[in-house]
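Asks: Structure in structure tokens, see below.
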Number of protein chains: 2
Amino acid sequence: MADATFVLDALGEASRRHLLELLHERGESTVSELVGASEMRQPQVSKHLKVLREASLVAVRPEGRHRYYRLDGRGLETAHAWFSSFEDVWRSRFDALDELVSTNHEEHQP
Amino acid sequence: MADATFVLDALGEASRRHLLELLHERGESTVSELVGASEMRQPQVSKHLKVLREASLVAVRPEGRHRYYRLDGRGLETAHAWFSSFEDVWRSRFDALDELVSTNHEEHQP
DNA sequence: GATTCGTATTCCTCACAAAGAATATGTAGG
DNA sequence: CCTACATATTCTTTGTGAGGAATACGAATC
């Protein structure tokens with residue numbers, strides 16, 4: 001299983017998250033298609049894709065001189081599992097009254 | 001709701017993730033307790049806690065000259081929601097399995 | 001085999017963020 | 001008040017990582 005460290009580090013940059021969202025919308029895409037759909041230039045896209053690939057967040061399928069990238073469920077599942085380990089916390093807030101109290105308390109601090 | 005950008009950026013550093021894990025294990029903790037339980041020094045812990053607080057990942061409760069920090073479900077839920085938007089991708093890895101054990105997914109988000 | 005296209009990689013520079021040190025703020029207790 | 005303690009904040013230094021330009025690699029086409 002992909003290490004959560006690599007996955008969360010890779011997701012810590014907005015441009016990489018944007019690439020993932022593009023791949024989610026468009027499905028399998030080549031590098032140049034991603035370049036066209038984003039504000040980035042080709043070398044940056046390739047470099048970000050490399051980081052995402054090392055985190056098992058995307059997978060690649062070479063075909064001719066193109067390389068088709070797609071989302072890889074392994075990295076996404078790793079991240080999801082990391083957050084699920086905190087599930088008790090964010091789930092309990094729906095019926096926790098002290099959450100509301102302390103939140104108001106903090107918002108009154110400048 | 002906390003912006004997923006802030007949350008995922010905040011989670012992109014290992015030391016901040018470590019603080020969250022410490023708070024999850026120990027429950028509500030003061031800054032000096034977190035300093036003792038980590039390899040960081042007090043100013044760094046305070047600064048990281050500030051970032052986590054701005055992302056709604058932790059909340060603080062002042063008491064005397066101590067400040068008790070604890071996990072905040074809002075930021076965690078924001079991150080979880082971001083990953084859930086990709087749920088179809090990482091879940092599709094288990095499609096074959098789901099057909100065999102179709103009674104396992106009782107959770108459904110409205 | 002030369003050329004062209006798609007992509008990856010290297011090198012360089014620069015910005016930003018993290019760590020360190022010192023100091024400020026705030027609170028309890030004498 | 002003064003001191004001791006807990007935490008936050010500023011300032012500086014340092015280092016990591018993103019972006020740009022140029023180049024290298026690989027595959028298809030001629």
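As shown in the structure tokens, the chain order sets the letters A, B, ...; within each chain, residues go from 1, and ligands are also counted from 1 in the order they appear.
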Please, which residues in chain A fall within 7 Å of chain B when counting only C-alpha atoms, and what is the closest atom pair and distance in Å to one decimal for each, ordered by chain then residue number, as CSV?
Replies:
residue,atom,partner,partner_atom,distance
A:Leu8,CA,B:Gly12,CA,5.6
A:Asp9,CA,B:Gly12,CA,4.6
A:Leu11,CA,B:Gly12,CA,6.6
A:Gly12,CA,B:Gly12,CA,4.1
A:Glu13,CA,B:Asp9,CA,6.5
A:Gly73,CA,B:Trp90,CA,3.8
A:Arg74,CA,B:Trp90,CA,6.6
A:Leu76,CA,B:Trp90,CA,6.1
A:Glu77,CA,B:Trp90,CA,5.6
A:His80,CA,B:Phe83,CA,6.2
A:Phe83,CA,B:His80,CA,6.2
A:Val89,CA,B:Gly73,CA,5.5
A:Trp90,CA,B:Gly73,CA,3.7
A:Arg93,CA,B:Gly73,CA,6.0
A:Ser102,CA,B:Arg61,CA,6.6
Asks: Using only C-alpha atoms (C1' of nucleotides), select each residue of chain B with any atom at most 10 Å away from an atom of chain C, and give the selection as a PDB file with N, CA and C atoms, in the first residue's frame.
Replies:
ATOM      1  N   GLU B  13       2.381  18.886   5.451  1.00  0.00           N
ATOM      2  CA  GLU B  13       3.646  18.841   6.190  1.00  0.00           C
ATOM      3  C   GLU B  13       3.577  17.753   7.252  1.00  0.00           C
ATOM      4  N   MET B  40       9.805  18.577  18.357  1.00  0.00           N
ATOM      5  CA  MET B  40       9.820  20.010  18.036  1.00  0.00           C
ATOM      6  C   MET B  40       9.986  20.863  19.286  1.00  0.00           C
ATOM      7  N   ARG B  41      10.401  22.082  19.066  1.00  0.00           N
ATOM      8  CA  ARG B  41      10.511  23.034  20.162  1.00  0.00           C
ATOM      9  C   ARG B  41       9.244  23.864  20.225  1.00  0.00           C
ATOM     10  N   PRO B  43       8.284  27.099  20.010  1.00  0.00           N
ATOM     11  CA  PRO B  43       7.795  28.025  18.979  1.00  0.00           C
ATOM     12  C   PRO B  43       7.278  27.322  17.733  1.00  0.00           C
ATOM     13  N   GLN B  44       7.937  26.270  17.326  1.00  0.00           N
ATOM     14  CA  GLN B  44       7.474  25.553  16.131  1.00  0.00           C
ATOM     15  C   GLN B  44       6.117  24.908  16.373  1.00  0.00           C
ATOM     16  N   LYS B  47       3.535  27.561  16.182  1.00  0.00           N
ATOM     17  CA  LYS B  47       3.300  28.031  14.820  1.00  0.00           C
ATOM     18  C   LYS B  47       2.514  27.003  14.009  1.00  0.00           C
ATOM     19  N   HIS B  48       2.863  25.746  14.161  1.00  0.00           N
ATOM     20  CA  HIS B  48       2.126  24.716  13.428  1.00  0.00           C
ATOM     21  C   HIS B  48       0.680  24.648  13.920  1.00  0.00           C
ATOM     22  N   GLU B  63      -7.375  27.933  29.358  1.00  0.00           N
ATOM     23  CA  GLU B  63      -7.741  27.700  30.751  1.00  0.00           C
ATOM     24  C   GLU B  63      -6.553  28.119  31.601  1.00  0.00           C
ATOM     25  N   GLY B  64      -6.720  29.212  32.308  1.00  0.00           N
ATOM     26  CA  GLY B  64      -5.597  29.747  33.066  1.00  0.00           C
ATOM     27  C   GLY B  64      -4.485  30.146  32.129  1.00  0.00           C
ATOM     28  N   ARG B  65      -3.294  29.789  32.473  1.00  0.00           N
ATOM     29  CA  ARG B  65      -2.192  30.124  31.570  1.00  0.00           C
ATOM     30  C   ARG B  65      -1.889  28.984  30.621  1.00  0.00           C
ATOM     31  N   HIS B  66      -2.732  28.001  30.572  1.00  0.00           N
ATOM     32  CA  HIS B  66      -2.586  26.916  29.606  1.00  0.00           C
ATOM     33  C   HIS B  66      -3.565  27.126  28.459  1.00  0.00           C
TER      34      HIS B  66
END
Asks: Least-squares fit chain B onto chain A by Cα, in order, and just send back the RMSD.
Replies: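 After superposition, the RMSD is 8.4 Å.
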Asks: Atom CA of B:Leu23 to atom CA of A:Ala55: how many Å, to one decimal?
Replies: 25.9 Å
Asks: Give me, as a list of chain:residue names, the residues of chain D touching chain A, with the criterion being at most 9 Å (counting only C-alpha atoms (C1' of nucleotides)).
Replies: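 Matching residues, ligands excluded from the count: D:DA18, D:DG19, D:DG26, D:DA27, D:DA28.
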Asks: Distance atom CA of A:Glu28-atom C1' of D:DT29, one decimal place?
Replies: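 Pair atom CA of A:Glu28 / atom C1' of D:DT29 returns 25.4 Å.
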Asks: Kindly give the distance, in Å, that separates atom CA of B:Arg26 and atom CA of B:Leu52, rounded to a single decimal.
Replies: 16.9 Å
Asks: Please return as a PDB file with C-alpha atoms, in the first residue's frame: the residues of stretch 15-71 of chain B that backbone DSSP assigns to helix (DSSP H, G or I).
Replies:
ATOM      1  CA  SER B  15       5.162  17.676  11.442  1.00  0.00           C
ATOM      2  CA  ARG B  16       1.619  18.994  11.361  1.00  0.00           C
ATOM      3  CA  ARG B  17       0.219  15.556  10.640  1.00  0.00           C
ATOM      4  CA  HIS B  18       2.232  14.306  13.579  1.00  0.00           C
ATOM      5  CA  LEU B  19       0.641  16.894  15.838  1.00  0.00           C
ATOM      6  CA  LEU B  20      -2.790  15.760  14.715  1.00  0.00           C
ATOM      7  CA  GLU B  21      -1.914  12.151  15.430  1.00  0.00           C
ATOM      8  CA  LEU B  22      -0.606  13.110  18.856  1.00  0.00           C
ATOM      9  CA  LEU B  23      -3.824  14.949  19.630  1.00  0.00           C
ATOM     10  CA  HIS B  24      -5.773  11.957  18.463  1.00  0.00           C
ATOM     11  CA  GLU B  25      -3.888   9.586  20.759  1.00  0.00           C
ATOM     12  CA  ARG B  26      -3.626  11.815  23.794  1.00  0.00           C
ATOM     13  CA  VAL B  31       1.375  23.120  24.001  1.00  0.00           C
ATOM     14  CA  SER B  32       4.089  22.019  26.402  1.00  0.00           C
ATOM     15  CA  GLU B  33       2.689  18.515  26.504  1.00  0.00           C
ATOM     16  CA  LEU B  34       2.878  18.393  22.719  1.00  0.00           C
ATOM     17  CA  VAL B  35       6.415  19.725  22.853  1.00  0.00           C
ATOM     18  CA  GLY B  36       7.342  16.955  25.282  1.00  0.00           C
ATOM     19  CA  ALA B  37       5.715  14.309  23.107  1.00  0.00           C
ATOM     20  CA  GLN B  42       7.847  25.245  21.601  1.00  0.00           C
ATOM     21  CA  PRO B  43       7.795  28.025  18.979  1.00  0.00           C
ATOM     22  CA  GLN B  44       7.474  25.553  16.131  1.00  0.00           C
ATOM     23  CA  VAL B  45       4.677  23.720  17.834  1.00  0.00           C
ATOM     24  CA  SER B  46       2.833  26.979  18.424  1.00  0.00           C
ATOM     25  CA  LYS B  47       3.300  28.031  14.820  1.00  0.00           C
ATOM     26  CA  HIS B  48       2.126  24.716  13.428  1.00  0.00           C
ATOM     27  CA  LEU B  49      -0.859  24.778  15.736  1.00  0.00           C
ATOM     28  CA  LYS B  50      -1.725  28.191  14.386  1.00  0.00           C
ATOM     29  CA  VAL B  51      -1.793  26.860  10.831  1.00  0.00           C
ATOM     30  CA  LEU B  52      -3.897  23.902  11.916  1.00  0.00           C
ATOM     31  CA  ARG B  53      -6.240  26.223  13.757  1.00  0.00           C
ATOM     32  CA  GLU B  54      -6.700  28.445  10.693  1.00  0.00           C
TER      33      GLU B  54
END
Asks: Write out as number ranges by chain the set of residues from chain A that DSSP, computed on the backbone, places in strand (DSSP E or B).
Replies: A: 29-30, 58-63, 66-71
Asks: Save out the residues we just selected, C-alpha atoms, as a PDB file, in the first residue's frame.
Replies:
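Full text of again35.pdb as output:
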ATOM      1  CA  SER A  29      -5.624  12.142 -20.638  1.00  0.00           C
ATOM      2  CA  THR A  30      -2.286  12.713 -22.276  1.00  0.00           C
ATOM      3  CA  VAL A  58      -2.023   8.429 -10.919  1.00  0.00           C
ATOM      4  CA  ALA A  59      -1.051   5.614 -13.250  1.00  0.00           C
ATOM      5  CA  VAL A  60       0.280   5.806 -16.765  1.00  0.00           C
ATOM      6  CA  ARG A  61      -0.331   3.787 -19.876  1.00  0.00           C
ATOM      7  CA  PRO A  62       2.103   4.368 -22.739  1.00  0.00           C
ATOM      8  CA  GLU A  63       0.655   4.117 -26.198  1.00  0.00           C
ATOM      9  CA  HIS A  66       1.657   9.371 -26.040  1.00  0.00           C
ATOM     10  CA  ARG A  67       1.394   8.603 -22.375  1.00  0.00           C
ATOM     11  CA  TYR A  68      -2.126   8.329 -21.046  1.00  0.00           C
ATOM     12  CA  TYR A  69      -2.478   9.257 -17.387  1.00  0.00           C
ATOM     13  CA  ARG A  70      -5.399   8.274 -15.211  1.00  0.00           C
ATOM     14  CA  LEU A  71      -6.322   8.339 -11.541  1.00  0.00           C
TER      15      LEU A  71
END
